[in-house]
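Dropping model_36.cif in here (mmCIF, C-alpha atoms):
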```cif
data_work
#
loop_
_atom_site.label_atom_id
_atom_site.label_comp_id
_atom_site.auth_asym_id
_atom_site.auth_seq_id
_atom_site.Cartn_x
_atom_site.Cartn_y
_atom_site.Cartn_z
CA MET H 1186 -26.59 -47.07 7.12
CA VAL H 1187 -25.49 -43.46 7.54
CA THR H 1188 -22.02 -43.08 9.07
CA GLY H 1189 -21.01 -40.32 11.51
CA ILE H 1190 -19.12 -38.30 8.93
CA GLN H 1191 -22.08 -38.53 6.54
CA LEU H 1192 -24.33 -37.17 9.28
CA VAL H 1193 -21.99 -34.19 9.79
CA GLY H 1194 -21.98 -33.61 6.01
CA ILE H 1195 -25.79 -33.76 5.80
CA ILE H 1196 -26.27 -31.30 8.69
CA PHE H 1197 -23.68 -28.96 7.12
CA GLY H 1198 -25.39 -29.15 3.70
CA LEU H 1199 -28.85 -28.54 5.15
CA VAL H 1200 -27.72 -25.59 7.28
CA LEU H 1201 -26.10 -23.95 4.24
CA THR H 1202 -29.20 -24.65 2.14
CA TYR H 1203 -31.23 -22.83 4.80
CA PHE H 1204 -28.81 -19.86 4.90
CA THR H 1205 -28.85 -19.60 1.10
CA PHE H 1206 -32.65 -19.54 1.20
CA LEU H 1207 -32.55 -16.91 3.97
CA HIS H 1208 -30.22 -14.64 1.96
CA TYR H 1209 -32.50 -15.03 -1.07
CA LYS H 1210 -35.59 -14.11 0.97
CA ARG H 1211 -33.82 -11.03 2.34
CA ASP H 1212 -33.07 -9.96 -1.26
CA GLU H 1213 -29.35 -10.30 -0.66
CA PHE H 1214 -29.04 -12.99 -3.37
CA SER H 1215 -30.50 -12.73 -6.86
CA LEU H 1216 -32.43 -15.71 -8.23
CA LYS H 1217 -29.36 -16.71 -10.24
CA GLU H 1218 -27.13 -16.66 -7.15
CA PHE H 1219 -29.73 -18.53 -5.13
CA LEU H 1220 -30.07 -21.30 -7.72
CA GLY H 1221 -26.31 -21.52 -8.20
CA TRP H 1222 -25.59 -21.96 -4.50
CA GLN H 1223 -28.53 -24.34 -4.04
CA ALA H 1224 -27.19 -26.50 -6.88
CA ILE H 1225 -23.82 -26.67 -5.08
CA TRP H 1226 -25.45 -27.74 -1.79
CA VAL H 1227 -27.66 -30.32 -3.54
CA CYS H 1228 -24.58 -31.84 -5.18
CA PHE H 1229 -22.83 -31.76 -1.81
CA LEU H 1230 -25.74 -33.59 -0.16
CA ALA H 1231 -25.95 -36.11 -3.02
CA ILE H 1232 -22.25 -36.99 -2.73
CA THR H 1233 -22.60 -37.27 1.06
CA LEU H 1234 -25.69 -39.48 0.95
CA PHE H 1235 -24.74 -41.70 -2.01
CA PRO H 1236 -20.94 -41.90 -2.11
CA ASN H 1237 -21.03 -45.32 -3.78
CA THR H 1238 -22.71 -43.82 -6.86
CA PHE H 1239 -19.37 -42.21 -7.62
CA TYR H 1240 -17.31 -45.45 -7.49
CA SER H 1241 -17.12 -45.78 -11.27
CA PHE H 1242 -16.29 -42.09 -11.61
CA ASN H 1243 -13.59 -42.54 -8.98
CA SER H 1244 -11.97 -45.47 -10.77
CA ASP H 1245 -11.89 -43.43 -13.99
CA LEU H 1246 -9.94 -40.74 -12.13
CA GLY H 1247 -7.69 -43.24 -10.36
CA ILE H 1248 -9.18 -42.43 -6.96
CA LEU H 1249 -9.61 -45.39 -4.58
CA ARG H 1250 -12.14 -44.15 -2.01
CA PRO H 1251 -15.16 -41.80 -2.31
CA LEU H 1252 -13.78 -39.77 0.60
CA ASP H 1253 -10.60 -39.04 -1.40
CA LEU H 1254 -12.71 -37.56 -4.20
CA TYR H 1255 -14.44 -35.45 -1.61
CA THR H 1256 -11.17 -34.15 -0.18
CA ILE H 1257 -9.75 -33.34 -3.62
CA LEU H 1258 -12.93 -31.56 -4.72
CA GLY H 1259 -13.03 -29.65 -1.43
CA PHE H 1260 -9.44 -28.56 -1.92
CA ILE H 1261 -10.13 -27.40 -5.48
CA VAL H 1262 -13.20 -25.45 -4.33
CA VAL H 1263 -11.33 -23.81 -1.42
CA MET H 1264 -8.44 -22.79 -3.69
CA SER H 1265 -10.85 -21.37 -6.29
CA ILE H 1266 -12.75 -19.38 -3.64
CA THR H 1267 -9.46 -18.10 -2.17
CA PHE H 1268 -8.34 -16.89 -5.60
CA TYR H 1269 -11.73 -15.34 -6.33
CA ASN H 1270 -11.77 -13.56 -2.95
CA TYR H 1271 -8.19 -12.32 -3.40
CA VAL H 1272 -9.01 -10.76 -6.78
CA ASN H 1273 -12.20 -9.16 -5.46
CA VAL H 1274 -10.71 -7.86 -2.22
CA ASP H 1275 -7.78 -6.37 -4.15
CA ARG H 1276 -10.16 -4.67 -6.58
CA LEU H 1277 -12.29 -3.32 -3.72
CA ARG H 1278 -9.19 -2.11 -1.85
CA LYS H 1279 -8.07 -0.15 -4.93
CA GLN H 1280 -11.54 1.33 -5.49
CA LEU H 1281 -11.82 2.31 -1.82
CA GLU H 1282 -8.35 3.85 -1.83
CA LYS H 1283 -9.15 5.88 -4.93
CA ALA H 1284 -12.47 7.08 -3.48
CA ILE H 1285 -10.92 8.16 -0.17
CA ARG H 1286 -7.98 9.89 -1.88
CA ASP H 1287 -10.28 11.69 -4.35
CA LEU H 1288 -12.52 12.81 -1.49
CA ALA H 1289 -9.54 14.10 0.52
CA LEU H 1290 -8.24 16.06 -2.49
CA LYS H 1291 -11.73 17.45 -3.21
CA ASP H 1292 -12.03 18.67 0.39
CA PHE H 1293 -8.54 20.17 0.12
CA LYS H 1294 -9.48 22.00 -3.08
CA GLN H 1295 -12.63 23.37 -1.43
CA ASP H 1296 -10.62 24.54 1.59
CA GLN H 1297 -8.17 26.24 -0.76
CA SER H 1298 -10.91 28.08 -2.63
CA LYS H 1299 -12.43 29.28 0.67
CA LYS H 1300 -9.12 30.81 1.79
CA MET T 915 10.39 28.14 -6.84
CA LYS T 916 8.16 26.39 -4.32
CA ILE T 917 9.32 23.45 -2.21
CA ALA T 918 6.51 21.23 -0.90
CA VAL T 919 7.31 19.11 2.14
CA VAL T 920 4.88 16.21 2.18
CA ILE T 921 4.42 14.66 5.61
CA PRO T 922 2.16 11.60 5.98
CA ALA T 923 0.91 11.26 9.55
CA TYR T 924 -1.00 8.60 11.40
CA ASN T 925 -1.74 9.13 15.10
CA GLU T 926 1.17 11.54 15.43
CA ALA T 927 -0.48 14.32 17.47
CA ARG T 928 2.39 14.08 19.97
CA HIS T 929 5.22 14.70 17.50
CA ILE T 930 3.80 16.56 14.50
CA GLU T 931 3.75 20.02 16.06
CA LEU T 932 7.45 19.96 16.91
CA VAL T 933 8.32 18.65 13.44
CA LEU T 934 6.29 21.42 11.77
CA HIS T 935 7.78 24.15 13.95
CA ARG T 936 11.26 23.00 13.01
CA LEU T 937 10.59 23.26 9.27
CA PRO T 938 12.38 26.17 7.64
CA ALA T 939 10.16 28.87 6.04
CA THR T 940 12.51 29.14 3.08
CA ILE T 941 15.41 27.17 1.67
CA LYS T 942 17.98 29.05 -0.38
CA GLY T 943 15.37 31.74 -0.96
CA HIS T 944 12.66 29.32 -2.07
CA ALA T 945 9.36 29.14 -0.18
CA VAL T 946 8.59 25.95 1.76
CA ILE T 947 4.98 24.65 1.79
CA PRO T 948 4.36 22.01 4.44
CA ILE T 949 1.61 19.55 3.46
CA VAL T 950 0.44 17.17 6.18
CA VAL T 951 -1.67 14.19 5.12
CA ASP T 952 -3.54 12.84 8.10
CA ASP T 953 -4.06 9.22 7.14
CA GLY T 954 -7.25 8.57 9.11
CA SER T 955 -5.76 9.21 12.56
CA ARG T 956 -7.82 8.47 15.65
CA ASP T 957 -6.10 11.23 17.63
CA LYS T 958 -5.97 14.97 16.95
CA THR T 959 -3.17 14.89 14.37
CA SER T 960 -5.01 17.00 11.78
CA GLN T 961 -6.21 19.58 14.32
CA VAL T 962 -2.71 19.94 15.79
CA ALA T 963 -1.19 20.30 12.32
CA ALA T 964 -3.86 22.75 11.13
CA ALA T 965 -3.12 24.99 14.13
CA VAL T 966 0.42 25.59 12.87
CA LYS T 967 0.56 28.65 10.63
CA GLY T 968 1.09 28.05 6.92
CA VAL T 969 0.52 24.28 7.07
CA GLN T 970 -1.79 22.67 4.50
CA VAL T 971 -3.71 19.73 5.92
CA ILE T 972 -5.41 16.97 3.95
CA ARG T 973 -7.37 14.29 5.72
CA HIS T 974 -8.10 10.72 4.64
CA ARG T 975 -11.39 9.57 6.16
CA THR T 976 -9.85 6.20 6.94
CA ASN T 977 -6.35 4.79 7.22
CA LEU T 978 -4.99 3.73 3.82
CA GLY T 979 -1.27 3.35 4.38
CA LYS T 980 1.87 5.40 3.91
CA GLY T 981 2.07 5.04 0.12
CA ALA T 982 -1.48 6.29 -0.37
CA ALA T 983 -1.01 9.19 2.06
CA VAL T 984 2.21 10.36 0.40
CA LYS T 985 0.59 10.07 -3.03
CA THR T 986 -2.34 12.24 -1.90
CA GLY T 987 0.13 14.78 -0.52
CA CYS T 988 2.18 14.81 -3.72
CA ASP T 989 -0.94 15.16 -5.88
CA ALA T 990 -1.93 18.18 -3.76
CA ALA T 991 1.60 19.59 -4.09
CA TYR T 992 1.32 19.11 -7.85
CA GLN T 993 -2.00 20.98 -7.88
CA LEU T 994 -0.46 23.79 -5.81
CA GLY T 995 2.27 24.15 -8.41
CA ALA T 996 5.20 23.04 -6.24
CA ASP T 997 8.49 22.68 -8.11
CA ILE T 998 10.30 20.38 -5.70
CA PHE T 999 8.69 17.67 -3.56
CA VAL T 1000 10.29 16.56 -0.30
CA LEU T 1001 8.95 13.51 1.54
CA MET T 1002 9.59 13.14 5.25
CA ASP T 1003 8.18 11.29 8.26
CA SER T 1004 6.00 12.91 10.90
CA ASP T 1005 7.40 11.15 13.96
CA GLY T 1006 10.53 13.29 14.28
CA GLN T 1007 12.72 10.55 12.82
CA HIS T 1008 14.02 12.89 10.10
CA ARG T 1009 15.67 16.21 10.86
CA PRO T 1010 13.97 19.14 9.04
CA GLU T 1011 17.42 20.76 8.94
CA ASP T 1012 18.47 18.04 6.46
CA ILE T 1013 15.90 19.14 3.86
CA GLU T 1014 18.39 21.63 2.45
CA LYS T 1015 20.89 18.81 1.85
CA LEU T 1016 18.21 16.90 -0.08
CA VAL T 1017 17.08 19.72 -2.35
CA THR T 1018 20.55 21.09 -3.09
CA PRO T 1019 21.43 18.46 -5.77
CA ILE T 1020 18.14 19.26 -7.57
CA LEU T 1021 18.61 23.02 -7.34
CA ASP T 1022 22.27 22.92 -8.31
CA GLU T 1023 22.69 19.92 -10.58
CA GLY T 1024 19.40 19.30 -12.38
CA LYS T 1025 15.81 18.23 -12.29
CA ASN T 1026 16.25 14.64 -13.39
CA ARG T 1027 17.39 13.61 -9.93
CA LEU T 1028 15.77 11.56 -7.24
CA VAL T 1029 17.64 12.43 -4.06
CA ILE T 1030 17.58 9.87 -1.27
CA GLY T 1031 18.49 10.63 2.32
CA THR T 1032 20.75 7.75 3.24
CA ARG T 1033 20.78 6.63 6.86
CA SER T 1034 23.83 5.22 8.53
CA PHE T 1035 23.35 1.56 9.34
CA SER T 1036 24.90 1.91 12.75
CA LYS T 1037 23.80 0.23 15.98
CA LYS T 1038 21.40 3.13 16.57
CA MET T 1039 19.11 1.58 13.95
CA PRO T 1040 16.98 -1.30 15.35
CA LEU T 1041 18.50 -4.67 14.40
CA ALA T 1042 15.47 -6.00 12.49
CA MET T 1043 15.28 -2.79 10.46
CA ARG T 1044 19.02 -2.88 9.75
CA VAL T 1045 18.91 -6.48 8.53
CA GLY T 1046 15.76 -5.86 6.46
CA ASN T 1047 17.09 -2.70 4.83
CA GLN T 1048 20.38 -4.30 3.88
CA ALA T 1049 18.60 -7.35 2.51
CA PHE T 1050 16.33 -5.20 0.31
CA THR T 1051 19.27 -3.12 -0.88
CA ARG T 1052 20.97 -6.33 -2.07
CA ILE T 1053 17.78 -7.69 -3.62
CA MET T 1054 17.26 -4.43 -5.55
CA LYS T 1055 20.80 -4.52 -6.82
CA PHE T 1056 20.51 -8.16 -7.84
CA ILE T 1057 17.10 -7.91 -9.54
CA PHE T 1058 17.08 -4.38 -10.97
CA GLN T 1059 20.79 -3.40 -10.85
CA ILE T 1060 19.82 -0.38 -8.73
CA SER T 1061 22.83 0.63 -6.65
CA VAL T 1062 21.38 2.70 -3.86
CA ARG T 1063 22.67 2.22 -0.32
CA ASP T 1064 19.35 2.81 1.45
CA THR T 1065 16.44 1.67 -0.71
CA GLN T 1066 13.89 1.96 2.10
CA SER T 1067 14.61 5.52 3.22
CA GLY T 1068 11.47 7.64 3.26
CA PHE T 1069 13.34 10.96 3.34
CA ARG T 1070 13.55 11.90 -0.34
CA ALA T 1071 13.29 14.79 -2.78
CA PHE T 1072 12.48 15.05 -6.46
CA SER T 1073 11.33 17.64 -8.96
CA ARG T 1074 7.84 18.27 -10.28
CA ASP T 1075 8.92 17.07 -13.74
CA LEU T 1076 9.92 13.71 -12.32
CA TYR T 1077 6.74 13.03 -10.35
CA PRO T 1078 4.49 11.67 -13.15
CA SER T 1079 7.07 9.06 -14.12
CA ILE T 1080 7.76 7.82 -10.57
CA ARG T 1081 4.21 8.05 -9.23
CA TRP T 1082 3.70 4.72 -7.44
CA ALA T 1083 0.67 2.47 -7.08
CA ALA T 1084 1.59 0.89 -3.72
CA SER T 1085 -0.48 2.11 -0.81
CA ASN T 1086 1.88 0.69 1.80
CA TYR T 1087 5.58 0.77 2.67
CA ALA T 1088 6.46 -0.71 -0.73
CA MET T 1089 6.11 2.79 -2.22
CA GLU T 1090 9.80 3.62 -1.71
CA THR T 1091 10.85 0.49 -3.55
CA GLU T 1092 8.37 1.05 -6.36
CA MET T 1093 9.49 4.66 -6.74
CA LEU T 1094 13.09 3.51 -7.26
CA VAL T 1095 12.12 0.89 -9.82
CA LEU T 1096 9.93 3.33 -11.75
CA GLY T 1097 12.76 5.85 -11.58
CA ALA T 1098 15.28 3.37 -12.95
CA ARG T 1099 12.84 2.48 -15.72
CA SER T 1100 12.58 6.16 -16.65
CA HIS T 1101 16.40 6.62 -16.54
CA VAL T 1102 16.26 8.89 -13.51
CA GLU T 1103 19.57 9.72 -11.84
CA PHE T 1104 19.77 8.72 -8.19
CA ALA T 1105 21.67 10.91 -5.78
CA GLU T 1106 22.35 10.06 -2.16
CA VAL T 1107 23.05 12.35 0.75
CA GLY T 1108 23.82 11.25 4.29
CA ILE T 1109 21.18 12.07 6.90
CA ASP T 1110 20.83 11.71 10.66
CA THR T 1111 17.98 9.63 11.99
CA ILE T 1112 16.46 9.47 15.45
CA TYR T 1113 14.60 6.29 16.38
CA LEU T 1114 11.93 7.28 18.88
CA ASN T 1115 9.69 4.24 18.73
CA ASN T 1116 10.94 0.79 17.70
CA HIS T 1117 7.38 -0.53 17.37
CA LYS T 1118 6.30 1.90 14.67
CA GLY T 1119 7.16 1.75 11.00
CA THR T 1120 7.77 -1.39 8.97
CA THR T 1121 7.08 -4.87 10.33
CA PRO T 1122 8.15 -8.27 8.93
CA LEU T 1123 4.72 -8.40 7.24
CA ASP T 1124 5.55 -5.14 5.46
CA GLY T 1125 8.81 -6.79 4.42
CA LEU T 1126 6.81 -9.53 2.72
CA ARG T 1127 4.64 -6.92 0.99
CA ILE T 1128 7.75 -5.14 -0.28
CA LEU T 1129 9.08 -8.45 -1.55
CA LYS T 1130 5.78 -9.12 -3.32
CA THR T 1131 5.98 -5.66 -4.95
CA ILE T 1132 9.55 -6.32 -6.09
CA LEU T 1133 8.52 -9.58 -7.74
CA LYS T 1134 5.46 -7.95 -9.34
CA LEU T 1135 7.59 -5.10 -10.68
CA LYS T 1136 10.13 -7.58 -12.03
CA LEU T 1137 7.38 -9.38 -13.93
CA THR T 1138 6.15 -6.12 -15.46
CA TRP T 1139 9.64 -4.61 -15.89
CA SER T 1140 9.86 -5.18 -19.63
CA GLN T 1141 6.41 -3.71 -20.23
CA GLY T 1142 7.64 -0.29 -19.12
CA SER T 1143 4.19 1.02 -18.22
CA ASN T 1144 3.22 3.00 -15.16
CA SER T 1145 -0.43 2.35 -14.36
CA SER T 1146 -0.48 5.09 -11.74
CA GLU T 1147 0.82 7.83 -14.06
CA SER T 1148 -2.30 8.23 -16.15
CA SER T 1149 -4.58 9.16 -13.24
CA LEU T 1150 -2.58 12.26 -12.23
CA GLY T 1151 -4.74 15.31 -12.69
#
```
Translate the structure described by the file into C-alpha cells.
Amino acid sequence: MVTGIQLVGIIFGLVLTYFTFLHYKRDEFSLKEFLGWQAIWVCFLAITLFPNTFYSFNSDLGILRPLDLYTILGFIVVMSITFYNYVNVDRLRKQLEKAIRDLALKDFKQDQSKK
Amino acid sequence: MKIAVVIPAYNEARHIELVLHRLPATIKGHAVIPIVVDDGSRDKTSQVAAAVKGVQVIRHRTNLGKGAAVKTGCDAAYQLGADIFVLMDSDGQHRPEDIEKLVTPILDEGKNRLVIGTRSFSKKMPLAMRVGNQAFTRIMKFIFQISVRDTQSGFRAFSRDLYPSIRWAASNYAMETEMLVLGARSHVEFAEVGIDTIYLNNHKGTTPLDGLRILKTILKLKLTWSQGSNSSESSLG
C-alpha cells in the first residue's frame, strides 16, 4: 500500500529523472553528470518505495522511523548543496568582477592612447 | 605632483556634473585629475561626466559595487602616474572644497598616511547610519585596536606608495573597513580631518544588509590577520 507522502515522493523522483534525462539529451549534462544525478534519483525512489528495507540501517543509526532518516538525509544534502553553491557563486562573482574591471581598464587605456 | 580624485558613480547623472564642476583644477599648485568610474549606470552618468572638460571616465559594463568601482579608478590613477589618490562620493555628499584638507597632511607631513575625512555624528546624519557607524567604530577598536572615529567614511586620501599595501578585495561597502585593516597591518599612520557632509538621499548608500557584509568582512579579516597577506596586492599592474 502506497501512502500519500510516498506518492508525492515518487512523482517528485520521476519528474527529476525526466529533467535529468532532458538536460542530458540537450547536451547540458555530460554522461558522468547524467549518471550521477540518475543514481541520486534512483536511490531517492528506492527509499520512497521501500522504506522498510532501511529499518535495520535505521536501528544501527539510532533512528526510530524511516521518515526520520529521510529528513536527516535531506537536511544533509540541502546543506551540502548550499555550501557547494556558495563556493561556486563566490568564485564566479570574483571572476566576473575581474573580467569587467579588466575590460573597463583596457577600454580606458585605448581611449588614452587615442587622445 | 598629480592628485587623482576617484569618484565612483552609479546612476548619478543628476548630481555628477555639479560635483565635477566644483572640483578645483589645482591644489597647492598640484594638478587635479578627476577620474569617474561609472559602475554600470542605467542613466547617462558616463556621458554627463565625459562632457566635463578634463574628466577621465571609465565604465564598468555592469554594476559591481562601490569597492570594485573605486579599485578600478585607483588602478587607472596608478597607471596615469598619480602621486596622491583622493576618494570621494558622486552624489554631492562630500564637499570638493574639503579635498585640500585631506591632502595637506600627506603633502606636509609624509607619504605613509591614510587621511580620513571624519564626519560629525550630529542629528544631520540619518539615525540608522549614525548607529551603524558608531557600532563599527567600536567593533574595529575592539577587534583590531584601530582608533579611528569614522571607520566608514568614504572621503579619504592616500599616497601612491601606500596603495599597493592597502588595495582591498571587497567589491562592496566593506572596502573602507578592509582598507583600514590592511593599513593597520602595514603600520600605516591614520590621520583624521573634520569634513562637512550633506545628506541628499537617505535611501542611498549603505543598508542593514551592507552592515552584515561589513561585519562578515571584519570577521574574515580577523581570521586572516596573523597571516599578514594581501591577496589583492599581487594583481596590481
Got a sec to resolve the PyMOL selection byres ((chain T) within 9 of (chain H)) on this structure and send the residues as a PDB file with C-alpha atoms, in the coordinates of the input?
```pdb
ATOM      1  CA  GLN T 970      -1.790  22.670   4.500  1.00  0.00           C
ATOM      2  CA  VAL T 971      -3.710  19.730   5.920  1.00  0.00           C
ATOM      3  CA  ILE T 972      -5.410  16.970   3.950  1.00  0.00           C
ATOM      4  CA  ARG T 973      -7.370  14.290   5.720  1.00  0.00           C
ATOM      5  CA  HIS T 974      -8.100  10.720   4.640  1.00  0.00           C
ATOM      6  CA  ARG T 975     -11.390   9.570   6.160  1.00  0.00           C
ATOM      7  CA  THR T 976      -9.850   6.200   6.940  1.00  0.00           C
ATOM      8  CA  LEU T 978      -4.990   3.730   3.820  1.00  0.00           C
ATOM      9  CA  ALA T 982      -1.480   6.290  -0.370  1.00  0.00           C
ATOM     10  CA  ALA T 983      -1.010   9.190   2.060  1.00  0.00           C
ATOM     11  CA  LYS T 985       0.590  10.070  -3.030  1.00  0.00           C
ATOM     12  CA  THR T 986      -2.340  12.240  -1.900  1.00  0.00           C
ATOM     13  CA  GLY T 987       0.130  14.780  -0.520  1.00  0.00           C
ATOM     14  CA  ASP T 989      -0.940  15.160  -5.880  1.00  0.00           C
ATOM     15  CA  ALA T 990      -1.930  18.180  -3.760  1.00  0.00           C
ATOM     16  CA  GLN T 993      -2.000  20.980  -7.880  1.00  0.00           C
ATOM     17  CA  SER T1085      -0.480   2.110  -0.810  1.00  0.00           C
TER      18      SER T1085
END
```
Once the PyMOL selection byres ((chain H and resi 1188-1198) around 8) has been applied to the shown file, what residues remain in the selection, as a PyMOL selection string? chain H and resi 1186-1187+1199-1202+1226-1227+1229-1230+1233-1234
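Atom CA of T:Asp953 to atom CA of T:Leu1129 spans 23.7 Å [interatomic distance, one decimal].
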If you measure from atom CA of H:Tyr1271 to atom CA of H:Ser1215, what distance in Å do you get, rounded to one decimal? 22.6 Å
Distance of atom CA of T:Ala1071 from atom CA of T:Glu1103, expressed in Å to one decimal place: 12.1 Å
Selected by the PyMOL selection byres ((chain H and resi 1218-1222) around 10) in the shown coordinates: which residues, as a PyMOL selection string? chain H and resi 1201-1202+1205-1210+1212-1217+1223-1228
Selected residues written out, C-alpha atoms, as a JSON list (two decimals), in the coordinates of the input:
```json
[["chain", "number", "residue", "atom", "x", "y", "z"],
["H", 1201, "LEU", "CA", -26.10, -23.95, 4.24],
["H", 1202, "THR", "CA", -29.20, -24.65, 2.14],
["H", 1205, "THR", "CA", -28.85, -19.60, 1.10],
["H", 1206, "PHE", "CA", -32.65, -19.54, 1.20],
["H", 1207, "LEU", "CA", -32.55, -16.91, 3.97],
["H", 1208, "HIS", "CA", -30.22, -14.64, 1.96],
["H", 1209, "TYR", "CA", -32.50, -15.03, -1.07],
["H", 1210, "LYS", "CA", -35.59, -14.11, 0.97],
["H", 1212, "ASP", "CA", -33.07, -9.96, -1.26],
["H", 1213, "GLU", "CA", -29.35, -10.30, -0.66],
["H", 1214, "PHE", "CA", -29.04, -12.99, -3.37],
["H", 1215, "SER", "CA", -30.50, -12.73, -6.86],
["H", 1216, "LEU", "CA", -32.43, -15.71, -8.23],
["H", 1217, "LYS", "CA", -29.36, -16.71, -10.24],
["H", 1223, "GLN", "CA", -28.53, -24.34, -4.04],
["H", 1224, "ALA", "CA", -27.19, -26.50, -6.88],
["H", 1225, "ILE", "CA", -23.82, -26.67, -5.08],
["H", 1226, "TRP", "CA", -25.45, -27.74, -1.79],
["H", 1227, "VAL", "CA", -27.66, -30.32, -3.54],
["H", 1228, "CYS", "CA", -24.58, -31.84, -5.18]]
```
Considering only C-alpha atoms, can you say which of T:Phe1072, T:Glu926, T:Ile1020, T:Gly968 comes closest to T:Cys988? T:Phe1072
Please provide as a PDB file with C-alpha atoms, in the coordinates of the input all residues within 12 Å of T:Val1045, with the sequence filter that same-chain residues fewer than 3 positions apart are discarded (counting all atoms listed in the file).
```pdb
ATOM      1  CA  PHE T1035      23.350   1.560   9.340  1.00  0.00           C
ATOM      2  CA  SER T1036      24.900   1.910  12.750  1.00  0.00           C
ATOM      3  CA  LYS T1037      23.800   0.230  15.980  1.00  0.00           C
ATOM      4  CA  MET T1039      19.110   1.580  13.950  1.00  0.00           C
ATOM      5  CA  PRO T1040      16.980  -1.300  15.350  1.00  0.00           C
ATOM      6  CA  LEU T1041      18.500  -4.670  14.400  1.00  0.00           C
ATOM      7  CA  ALA T1042      15.470  -6.000  12.490  1.00  0.00           C
ATOM      8  CA  GLN T1048      20.380  -4.300   3.880  1.00  0.00           C
ATOM      9  CA  ALA T1049      18.600  -7.350   2.510  1.00  0.00           C
ATOM     10  CA  PHE T1050      16.330  -5.200   0.310  1.00  0.00           C
ATOM     11  CA  THR T1051      19.270  -3.120  -0.880  1.00  0.00           C
ATOM     12  CA  ARG T1052      20.970  -6.330  -2.070  1.00  0.00           C
ATOM     13  CA  ASP T1064      19.350   2.810   1.450  1.00  0.00           C
ATOM     14  CA  GLN T1066      13.890   1.960   2.100  1.00  0.00           C
ATOM     15  CA  PRO T1122       8.150  -8.270   8.930  1.00  0.00           C
ATOM     16  CA  GLY T1125       8.810  -6.790   4.420  1.00  0.00           C
TER      17      GLY T1125
END
```
Can you tell me which residues surround T:Met1054 at a distance of at most 9 Å, considering all atoms listed in the file, apart from same-chain residues fewer than 6 positions away, and format the answer as a ChimeraX atom specification? /T:1060-1062,1065,1091,1095,1132
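Here the question is which of T:Ala923, T:Met1093, T:Met1043, T:Ile1057 gets nearest to T:Asp1124 using only C-alpha atoms, and that residue is T:Met1043.
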